[in-house]
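Undergrad: A single structure is presented below for examination.
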Amino acid sequence: MGTLRTLLALSVVIAHGSFAFAFVGAEHAVQLFYMISGFLISYVLTNTRSYKNVGVFWFNRALRLYPVYFFVALITLAARYFYPGHLADFVHAPLLAQCILAVVNVTIIGQDWILFMGVHHGALEWTGRFSDSDLPLYEMLLVPQAWTLGVELSFYAIAPFIVRRPFLLLALFVASISARGFAIHEGFGLEDPWTYRFFPLELALFILGVASHQLLLKPVTALAARLHRAETAVYVFCVIACAVYFLVPLTEWIKLPALFALVFLSLPFLFVFQDKNSLDKWIGDLSYPLYIGHMLAILTVEYCIEKLHLISPSPLTAGVIKVLCCLAFAVFLKIFIADPVETVRRMIRTGRKTLGAPELEQPPATQSV
């Protein structure tokens, strides 16, 4: 599961770099992250004793997200002094927009809703297209890609109250699918930002992940115990399929459902594989720092190319440099920001008061969840 998560993060990095599309593409990668999140959150909520206290669950999720986010956001804010971009338009935004942007940049909560807001004739308004605005509010987010965290936080808010209620999950799944069908019927469901940025429509993907955990993990674990290296075979097939997805000569209407079905069926195998493979865990731990830090790394490379003229590479070389810098920055964030916080998270998750105390409960594959 770890390698798949980082491969999906790389899909987003490459899309934001010099290449239009690679692997599964940015949009599909984000939606697959939603499914993976549903699987993992369902697992930890049903297997971690301390998470019976909802506040402990929310606090531990905050520790997972905010330290890396704050570090990247603060560095980005400092970098914008030299390369302001659209952040310079902040002073021209209406006061209400400035207040909302300030709040969501600090809390992350509601960053996804910025994509449904625009400025027209000096007033903040709701809009179905974030590009339909006199000022690009979405480009005034310090970590623009963090809008997905706003969607994730919406799921975290309700997950403790729904993952153990199968009938409620089914009702919400049907409601989410029906809402997407209605949006498509009305003519806006296939347009950005409705395609993958609106939480009510994406809730079905989170629930698919929950279903993959609750319906498939137990039989897959039993199967993997009987069939030697079954999880490894599925892991290799799934990663290769996602890596070459953009090369498959079929229409999206065929490829995309097949991709979602493959990941839905593969997640339990990938989870078992991750539990047995420390390298896969380590690679997976790079996915969040890579995703959150990549725009800052790309901004830095572009500044060196366009403003300082330190290097004059071809577009292909520039793209490779951007990806390598993103990976290097992700390793830095993991080692110096995420890993120290993970020690605290593990103490909270297992119910230990000190690092020397014995663990009360440690689901093995949740170290990076």
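Letters A, B, ... go to the chains of the structure tokens in the order shown; residues in each chain start at 1; ligands are counted from 1 in the same order.
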Using only C-alpha atoms, which protein or nucleic acid residues come within 12 Å of segment 195-197 of chain A? Drop anything in the same chain fewer than 5 positions from it, and give the result as a short mmCIF file (atom, residue, chain, number, x, y, z; two decimals) with C-alpha atoms, in the first residue's frame.

TA:
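Heads up, here's the output in out_39.cif:
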data_model
loop_
_atom_site.label_atom_id
_atom_site.label_comp_id
_atom_site.auth_asym_id
_atom_site.auth_seq_id
_atom_site.Cartn_x
_atom_site.Cartn_y
_atom_site.Cartn_z
CA ALA A 26 -3.70 13.96 -10.73
CA GLU A 27 -7.49 13.75 -10.58
CA HIS A 28 -7.68 9.97 -10.43
CA ALA A 29 -4.81 9.90 -7.93
CA VAL A 30 -6.71 12.18 -5.56
CA GLN A 31 -9.84 10.05 -5.81
CA LEU A 32 -7.86 6.87 -5.16
CA PHE A 33 -6.40 8.56 -2.10
CA TYR A 34 -9.98 9.03 -0.88
CA GLY A 110 -12.70 24.77 4.35
CA GLN A 111 -9.88 25.01 1.84
CA ASP A 112 -11.94 22.88 -0.54
CA TRP A 113 -14.80 25.39 -0.30
CA ILE A 114 -12.52 28.15 -1.60
CA LEU A 115 -12.79 26.36 -4.95
CA PHE A 116 -16.49 27.20 -4.98
CA GLY A 128 -19.58 26.61 -9.57
CA ARG A 129 -16.27 27.34 -11.30
CA PHE A 130 -13.32 28.67 -9.30
CA GLN A 145 -2.97 21.35 -3.15
CA ALA A 146 -4.03 21.17 0.52
CA TRP A 147 -7.66 21.66 -0.51
CA THR A 148 -7.77 17.84 -0.54
CA LEU A 149 -7.07 17.92 3.19
CA GLY A 150 -10.27 19.92 3.57
CA VAL A 151 -12.12 17.03 1.93
CA GLU A 152 -10.26 14.53 4.14
CA SER A 154 -14.80 16.35 6.35
CA ALA A 179 -26.02 13.23 -6.03
CA ARG A 180 -23.26 12.65 -8.58
CA GLY A 181 -25.80 11.27 -11.05
CA ALA A 183 -24.99 16.66 -11.04
CA ILE A 184 -24.12 14.89 -14.29
CA GLY A 187 -24.81 19.31 -16.86
CA PHE A 188 -22.19 20.31 -14.28
CA GLY A 189 -21.17 16.97 -12.75
CA LEU A 190 -18.37 16.39 -15.26
CA GLU A 202 -16.66 12.04 -3.16
CA LEU A 203 -18.07 10.44 -0.02
CA ALA A 204 -18.92 7.32 -2.04
CA LEU A 205 -15.20 6.74 -2.67
#

Undergrad: Quick one: residues within 8 Å of Val24 of chain A, only C-alpha atoms, excluding same-chain residues fewer than 2 positions away - as a PyMOL selection string?

TA: chain A and resi 8+11+21-22+26+28-29+242-246

Undergrad: Write out as a Markdown table a residue-level contact list of segment 187-304 of chain A versus segment 85-99 of chain A with cut-off 12 Å: for each qualifying residue the closest pair of atoms and the distance in Å to one decimal, counting only C-alpha atoms, rows sorted by chain and residue number upward.

TA:
| residue | atom | partner | partner_atom | distance |
| --- | --- | --- | --- | --- |
| A:Leu299 | CA | A:Gly85 | CA | 10.0 |
| A:Glu302 | CA | A:Gly85 | CA | 11.9 |
| A:Tyr303 | CA | A:Gly85 | CA | 10.9 |

Undergrad: Go through segment 221-297 of chain A residue by residue and, counting only C-alpha atoms, keep those with an atom at most 9 Å from segment 57-72 of chain A; for each kept residue give the shortest atom pair and its distance in Å to one decimal, ordered by chain and increasing number, as CSV.

TA:
residue,atom,partner,partner_atom,distance
A:Tyr288,CA,A:Leu65,CA,8.4
A:Pro289,CA,A:Val68,CA,6.8
A:Ile292,CA,A:Tyr69,CA,6.6
A:Gly293,CA,A:Val72,CA,6.1
A:Leu296,CA,A:Val72,CA,7.3

Undergrad: Which residues are near Ile162 of chain A? Cut-off 12 Å, only C-alpha atoms, ignore same chain within fewer than 2 positions. Put them as a list of chain:residue names.

TA: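 The neighbour list is A:Gly38, A:Ile41, A:Ser42, A:Leu45, A:Thr46, A:Phe155, A:Tyr156, A:Ala157, A:Ile158, A:Ala159, A:Pro160, A:Arg164, A:Arg165, A:Pro166, A:Phe167, A:Leu168, A:Leu169, A:Leu170, A:Ala171, A:Leu172, A:Phe173, A:Leu203, A:Phe206, A:Ile207, A:Val210, A:Ala211.
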
Undergrad: For the selection just defined, write its residues with C-alpha atoms to a file, as a PDB file, in the first residue's frame.

TA:
ATOM      1  CA  GLY A  38     -11.573   5.184   3.799  1.00  0.00           C
ATOM      2  CA  ILE A  41      -9.527   5.081   8.760  1.00  0.00           C
ATOM      3  CA  SER A  42     -12.037   2.231   8.977  1.00  0.00           C
ATOM      4  CA  LEU A  45     -11.273   3.119  14.152  1.00  0.00           C
ATOM      5  CA  THR A  46     -12.283  -0.524  14.490  1.00  0.00           C
ATOM      6  CA  PHE A 155     -14.537  12.571   6.272  1.00  0.00           C
ATOM      7  CA  TYR A 156     -12.596  12.450   9.548  1.00  0.00           C
ATOM      8  CA  ALA A 157     -15.335  14.517  11.159  1.00  0.00           C
ATOM      9  CA  ILE A 158     -18.037  11.945  10.414  1.00  0.00           C
ATOM     10  CA  ALA A 159     -16.031   8.703  10.188  1.00  0.00           C
ATOM     11  CA  PRO A 160     -16.239   7.771  13.915  1.00  0.00           C
ATOM     12  CA  ARG A 164     -19.528   0.834  12.421  1.00  0.00           C
ATOM     13  CA  ARG A 165     -23.019   1.375  10.994  1.00  0.00           C
ATOM     14  CA  PRO A 166     -23.385  -0.636   7.764  1.00  0.00           C
ATOM     15  CA  PHE A 167     -26.910   0.527   6.950  1.00  0.00           C
ATOM     16  CA  LEU A 168     -25.932   4.163   7.404  1.00  0.00           C
ATOM     17  CA  LEU A 169     -22.870   3.588   5.204  1.00  0.00           C
ATOM     18  CA  LEU A 170     -25.072   2.072   2.519  1.00  0.00           C
ATOM     19  CA  ALA A 171     -27.548   4.959   2.711  1.00  0.00           C
ATOM     20  CA  LEU A 172     -24.757   7.539   2.461  1.00  0.00           C
ATOM     21  CA  PHE A 173     -23.173   5.655  -0.441  1.00  0.00           C
ATOM     22  CA  LEU A 203     -18.065  10.438  -0.017  1.00  0.00           C
ATOM     23  CA  PHE A 206     -14.380   6.950   1.038  1.00  0.00           C
ATOM     24  CA  ILE A 207     -17.172   4.455   1.706  1.00  0.00           C
ATOM     25  CA  VAL A 210     -14.453   1.338   4.185  1.00  0.00           C
ATOM     26  CA  ALA A 211     -16.228  -1.529   2.407  1.00  0.00           C
TER      27      ALA A 211
END

Undergrad: Quick one: residues within 8 Å of Lys281 of chain A, only C-alpha atoms counted, chain neighbours fewer than 4 positions away excluded, as a PyMOL selection string?

TA: chain A and resi 1-3+274-275+277+285+368

Undergrad: For a quick check of understanding, using only C-alpha atoms, which of A:Thr232, A:Thr350, A:Ser133, A:Thr221 has the smallest distance to Ser50 of chain A?

TA: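 The closest residue to Ser50 of chain A is A:Thr350.
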
Undergrad: Pull the alpha helix (DSSP H) assignments for segment 35-165 of chain A out of DSSP run on the backbone, and list those residues as a short mmCIF file (atom, residue, chain, number, x, y, z; two decimals) with N, CA and C atoms, in the first residue's frame.

TA:
data_model
loop_
_atom_site.label_atom_id
_atom_site.label_comp_id
_atom_site.auth_asym_id
_atom_site.auth_seq_id
_atom_site.Cartn_x
_atom_site.Cartn_y
_atom_site.Cartn_z
N MET A 35 -10.25 6.69 -1.49
CA MET A 35 -10.59 5.29 -1.22
C MET A 35 -9.63 4.67 -0.22
N ILE A 36 -8.33 4.94 -0.39
CA ILE A 36 -7.33 4.42 0.54
C ILE A 36 -7.58 4.97 1.94
N SER A 37 -7.92 6.24 2.02
CA SER A 37 -8.20 6.86 3.32
C SER A 37 -9.38 6.17 3.99
N GLY A 38 -10.42 5.88 3.23
CA GLY A 38 -11.57 5.18 3.80
C GLY A 38 -11.18 3.84 4.38
N PHE A 39 -10.33 3.10 3.66
CA PHE A 39 -9.86 1.80 4.14
C PHE A 39 -9.09 1.95 5.45
N LEU A 40 -8.09 2.83 5.46
CA LEU A 40 -7.22 2.96 6.61
C LEU A 40 -7.95 3.52 7.84
N ILE A 41 -8.81 4.50 7.62
CA ILE A 41 -9.53 5.08 8.76
C ILE A 41 -10.52 4.08 9.34
N SER A 42 -11.15 3.29 8.48
CA SER A 42 -12.04 2.23 8.98
C SER A 42 -11.23 1.23 9.81
N TYR A 43 -10.04 0.90 9.35
CA TYR A 43 -9.20 -0.05 10.08
C TYR A 43 -8.83 0.48 11.47
N VAL A 44 -8.30 1.70 11.52
CA VAL A 44 -7.83 2.19 12.82
C VAL A 44 -8.99 2.44 13.78
N LEU A 45 -10.14 2.86 13.27
CA LEU A 45 -11.27 3.12 14.15
C LEU A 45 -11.85 1.83 14.73
N THR A 46 -11.73 0.74 14.00
CA THR A 46 -12.28 -0.52 14.49
C THR A 46 -11.25 -1.38 15.20
N ASN A 47 -9.97 -1.00 15.17
CA ASN A 47 -8.93 -1.83 15.77
C ASN A 47 -8.08 -1.12 16.81
N VAL A 54 -13.49 9.73 20.57
CA VAL A 54 -13.44 10.42 19.29
C VAL A 54 -12.43 11.56 19.31
N GLY A 55 -12.33 12.23 20.45
CA GLY A 55 -11.38 13.32 20.57
C GLY A 55 -9.94 12.86 20.37
N VAL A 56 -9.61 11.66 20.85
CA VAL A 56 -8.26 11.12 20.67
C VAL A 56 -8.01 10.87 19.19
N PHE A 57 -9.00 10.31 18.51
CA PHE A 57 -8.87 10.06 17.06
C PHE A 57 -8.63 11.37 16.30
N TRP A 58 -9.46 12.36 16.58
CA TRP A 58 -9.31 13.65 15.86
C TRP A 58 -7.96 14.29 16.17
N PHE A 59 -7.54 14.24 17.44
CA PHE A 59 -6.27 14.85 17.81
C PHE A 59 -5.10 14.15 17.11
N ASN A 60 -5.18 12.82 17.04
CA ASN A 60 -4.10 12.08 16.39
C ASN A 60 -4.07 12.34 14.89
N ARG A 61 -5.23 12.51 14.28
CA ARG A 61 -5.25 12.87 12.86
C ARG A 61 -4.67 14.26 12.65
N ALA A 62 -4.95 15.17 13.57
CA ALA A 62 -4.39 16.53 13.47
C ALA A 62 -2.87 16.49 13.55
N LEU A 63 -2.34 15.64 14.45
CA LEU A 63 -0.89 15.52 14.56
C LEU A 63 -0.28 14.95 13.27
N ARG A 64 -1.03 14.14 12.59
CA ARG A 64 -0.57 13.58 11.32
C ARG A 64 -0.48 14.66 10.24
N LEU A 65 -1.48 15.56 10.21
CA LEU A 65 -1.59 16.50 9.10
C LEU A 65 -0.89 17.83 9.33
N TYR A 66 -1.07 18.42 10.50
CA TYR A 66 -0.72 19.83 10.68
C TYR A 66 0.77 20.15 10.78
N PRO A 67 1.61 19.38 11.47
CA PRO A 67 3.01 19.80 11.56
C PRO A 67 3.69 19.95 10.20
N VAL A 68 3.54 18.97 9.32
CA VAL A 68 4.13 19.08 7.98
C VAL A 68 3.49 20.23 7.22
N TYR A 69 2.17 20.35 7.33
CA TYR A 69 1.47 21.43 6.62
C TYR A 69 1.96 22.80 7.09
N PHE A 70 2.03 23.01 8.40
CA PHE A 70 2.45 24.32 8.92
C PHE A 70 3.88 24.65 8.48
N PHE A 71 4.76 23.67 8.52
CA PHE A 71 6.14 23.92 8.11
C PHE A 71 6.19 24.38 6.66
N VAL A 72 5.50 23.65 5.78
CA VAL A 72 5.50 24.00 4.35
C VAL A 72 4.82 25.35 4.13
N ALA A 73 3.71 25.59 4.83
CA ALA A 73 2.99 26.86 4.66
C ALA A 73 3.84 28.05 5.08
N LEU A 74 4.56 27.93 6.19
CA LEU A 74 5.39 29.04 6.66
C LEU A 74 6.56 29.30 5.72
N ILE A 75 7.18 28.24 5.23
CA ILE A 75 8.28 28.41 4.28
C ILE A 75 7.76 29.03 2.98
N THR A 76 6.58 28.61 2.56
CA THR A 76 5.98 29.17 1.35
C THR A 76 5.68 30.65 1.53
N LEU A 77 5.17 31.01 2.70
CA LEU A 77 4.87 32.42 2.98
C LEU A 77 6.14 33.26 2.90
N ALA A 78 7.22 32.73 3.43
CA ALA A 78 8.50 33.45 3.34
C ALA A 78 8.99 33.53 1.90
N ALA A 79 8.81 32.43 1.14
CA ALA A 79 9.27 32.40 -0.25
C ALA A 79 8.47 33.38 -1.11
N LEU A 95 -12.85 42.21 2.04
CA LEU A 95 -12.49 41.91 3.43
C LEU A 95 -12.96 40.52 3.84
N LEU A 96 -14.19 40.17 3.46
CA LEU A 96 -14.71 38.85 3.82
C LEU A 96 -13.85 37.75 3.23
N ALA A 97 -13.42 37.92 1.99
CA ALA A 97 -12.56 36.93 1.35
C ALA A 97 -11.22 36.85 2.06
N GLN A 98 -10.67 37.99 2.46
CA GLN A 98 -9.40 37.99 3.19
C GLN A 98 -9.52 37.23 4.51
N CYS A 99 -10.62 37.45 5.21
CA CYS A 99 -10.83 36.77 6.50
C CYS A 99 -10.93 35.26 6.30
N ILE A 100 -11.71 34.86 5.29
CA ILE A 100 -11.88 33.42 5.02
C ILE A 100 -10.56 32.79 4.61
N LEU A 101 -9.82 33.46 3.74
CA LEU A 101 -8.53 32.93 3.31
C LEU A 101 -7.56 32.81 4.49
N ALA A 102 -7.57 33.77 5.37
CA ALA A 102 -6.69 33.71 6.54
C ALA A 102 -7.05 32.51 7.42
N VAL A 103 -8.34 32.30 7.64
CA VAL A 103 -8.78 31.20 8.49
C VAL A 103 -8.44 29.85 7.87
N VAL A 104 -8.76 29.67 6.59
CA VAL A 104 -8.55 28.35 5.97
C VAL A 104 -7.06 28.06 5.79
N ASN A 105 -6.24 29.10 5.59
CA ASN A 105 -4.80 28.87 5.47
C ASN A 105 -4.20 28.40 6.79
N VAL A 106 -4.80 28.82 7.90
CA VAL A 106 -4.31 28.41 9.22
C VAL A 106 -4.89 27.07 9.64
N THR A 107 -6.18 26.87 9.42
CA THR A 107 -6.87 25.69 9.95
C THR A 107 -6.97 24.54 8.95
N GLN A 111 -10.66 24.66 3.03
CA GLN A 111 -9.88 25.01 1.84
C GLN A 111 -10.55 24.51 0.57
N ASP A 112 -11.24 23.39 0.65
CA ASP A 112 -11.94 22.88 -0.54
C ASP A 112 -13.09 23.81 -0.93
N TRP A 113 -13.68 24.50 0.02
CA TRP A 113 -14.80 25.39 -0.30
C TRP A 113 -14.33 26.66 -1.01
N ILE A 114 -13.06 27.00 -0.87
CA ILE A 114 -12.52 28.15 -1.60
C ILE A 114 -12.69 27.94 -3.10
N TRP A 147 -6.19 21.69 -0.50
CA TRP A 147 -7.66 21.66 -0.51
C TRP A 147 -8.16 20.22 -0.30
N THR A 148 -7.34 19.23 -0.75
CA THR A 148 -7.77 17.84 -0.54
C THR A 148 -7.83 17.49 0.94
N LEU A 149 -7.00 18.16 1.75
CA LEU A 149 -7.07 17.92 3.19
C LEU A 149 -8.39 18.42 3.76
N GLY A 150 -8.95 19.47 3.15
CA GLY A 150 -10.27 19.92 3.57
C GLY A 150 -11.31 18.84 3.34
N VAL A 151 -11.21 18.14 2.21
CA VAL A 151 -12.12 17.03 1.93
C VAL A 151 -11.87 15.90 2.94
N GLU A 152 -10.60 15.58 3.18
CA GLU A 152 -10.26 14.53 4.14
C GLU A 152 -10.80 14.85 5.53
N LEU A 153 -10.65 16.10 5.96
CA LEU A 153 -11.12 16.50 7.29
C LEU A 153 -12.64 16.34 7.41
N SER A 154 -13.35 16.57 6.33
CA SER A 154 -14.80 16.35 6.35
C SER A 154 -15.11 14.89 6.63
N PHE A 155 -14.33 14.00 6.02
CA PHE A 155 -14.54 12.57 6.27
C PHE A 155 -14.14 12.21 7.69
N TYR A 156 -13.01 12.75 8.17
CA TYR A 156 -12.60 12.45 9.55
C TYR A 156 -13.66 12.90 10.55
N ALA A 157 -14.34 13.99 10.24
CA ALA A 157 -15.34 14.52 11.16
C ALA A 157 -16.49 13.55 11.37
N ILE A 158 -16.87 12.83 10.31
CA ILE A 158 -18.04 11.95 10.41
C ILE A 158 -17.66 10.48 10.55
N ALA A 159 -16.42 10.11 10.22
CA ALA A 159 -16.03 8.70 10.19
C ALA A 159 -16.32 7.96 11.49
N PRO A 160 -15.99 8.53 12.68
CA PRO A 160 -16.24 7.77 13.92
C PRO A 160 -17.70 7.42 14.13
N PHE A 161 -18.59 8.14 13.47
CA PHE A 161 -20.02 7.93 13.70
C PHE A 161 -20.68 7.07 12.62
N ILE A 162 -19.92 6.69 11.59
CA ILE A 162 -20.55 5.94 10.49
C ILE A 162 -19.87 4.61 10.18
#

Undergrad: Can you list, as a list in words, all residues belonging to segment 95-282 of chain A that DSSP tags as strand (DSSP E or B)?

TA: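 The strand (DSSP E or B) residues within segment 95-282 of chain A come out as Met117, Gly118, Val119, His120, Ala123, Leu124, Glu125 and Trp126 of chain A.
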
Undergrad: Please provide the set of residues having any atom within 12 Å of Val272 of chain A, restricted to only C-alpha atoms, with same-chain residues fewer than 2 positions apart removed, written as a PyMOL selection string.

TA: chain A and resi 1-2+213+216-225+229-235+266-270+274-278+280-281+363-366

Undergrad: Please write the residues from the selection above to a file, keeping C-alpha atoms, as a PDB file, in the first residue's frame.

TA:
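The resulting file, part.pdb, is reproduced below:
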ATOM      1  CA  MET A   1       0.000   0.000   0.000  1.00  0.00           C
ATOM      2  CA  GLY A   2       2.882   2.341   0.717  1.00  0.00           C
ATOM      3  CA  HIS A 213     -11.626  -3.062   4.627  1.00  0.00           C
ATOM      4  CA  LEU A 216     -12.423  -8.099   2.180  1.00  0.00           C
ATOM      5  CA  LEU A 217      -9.587  -7.772   4.696  1.00  0.00           C
ATOM      6  CA  LYS A 218     -10.446 -10.824   6.797  1.00  0.00           C
ATOM      7  CA  PRO A 219     -10.854 -13.286   3.875  1.00  0.00           C
ATOM      8  CA  VAL A 220      -7.814 -11.831   2.114  1.00  0.00           C
ATOM      9  CA  THR A 221      -5.708 -12.248   5.272  1.00  0.00           C
ATOM     10  CA  ALA A 222      -6.794 -15.897   5.462  1.00  0.00           C
ATOM     11  CA  LEU A 223      -6.079 -16.379   1.753  1.00  0.00           C
ATOM     12  CA  ALA A 224      -2.636 -14.794   2.048  1.00  0.00           C
ATOM     13  CA  ALA A 225      -1.829 -17.166   4.912  1.00  0.00           C
ATOM     14  CA  ARG A 229       3.226 -14.506  -1.589  1.00  0.00           C
ATOM     15  CA  ALA A 230      -0.302 -13.908  -2.892  1.00  0.00           C
ATOM     16  CA  GLU A 231      -0.173 -10.379  -1.487  1.00  0.00           C
ATOM     17  CA  THR A 232       3.150  -9.770  -3.260  1.00  0.00           C
ATOM     18  CA  ALA A 233       1.722 -10.830  -6.617  1.00  0.00           C
ATOM     19  CA  VAL A 234      -1.283  -8.521  -6.207  1.00  0.00           C
ATOM     20  CA  TYR A 235       0.997  -5.703  -5.041  1.00  0.00           C
ATOM     21  CA  SER A 266      -6.331  -4.916  -4.124  1.00  0.00           C
ATOM     22  CA  LEU A 267      -6.329  -2.739  -0.996  1.00  0.00           C
ATOM     23  CA  PRO A 268      -6.539  -5.644   1.495  1.00  0.00           C
ATOM     24  CA  PHE A 269      -3.662  -7.442  -0.266  1.00  0.00           C
ATOM     25  CA  LEU A 270      -1.605  -4.247  -0.312  1.00  0.00           C
ATOM     26  CA  GLN A 274       2.751  -3.409   3.808  1.00  0.00           C
ATOM     27  CA  ASP A 275       2.486  -5.126   7.182  1.00  0.00           C
ATOM     28  CA  LYS A 276       5.227  -7.555   6.147  1.00  0.00           C
ATOM     29  CA  ASN A 277       7.489  -5.192   4.218  1.00  0.00           C
ATOM     30  CA  SER A 278       9.303  -2.405   6.051  1.00  0.00           C
ATOM     31  CA  ASP A 280       6.977  -0.467   1.539  1.00  0.00           C
ATOM     32  CA  LYS A 281       6.049   1.214   4.837  1.00  0.00           C
ATOM     33  CA  PRO A 363      -2.091  -2.559  15.137  1.00  0.00           C
ATOM     34  CA  PRO A 364       1.097  -3.289  13.166  1.00  0.00           C
ATOM     35  CA  ALA A 365       0.261  -1.677   9.845  1.00  0.00           C
ATOM     36  CA  THR A 366      -1.066   1.584  11.250  1.00  0.00           C
TER      37      THR A 366
END

Undergrad: When you count only C-alpha atoms, which of these residues is closest to Gln214 of chain A: A:Leu324, A:Met117, A:Val163, A:Ile335?

TA: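 Going through A:Leu324, A:Met117, A:Val163, A:Ile335 one by one, the smallest distance to Gln214 of chain A is for A:Val163.
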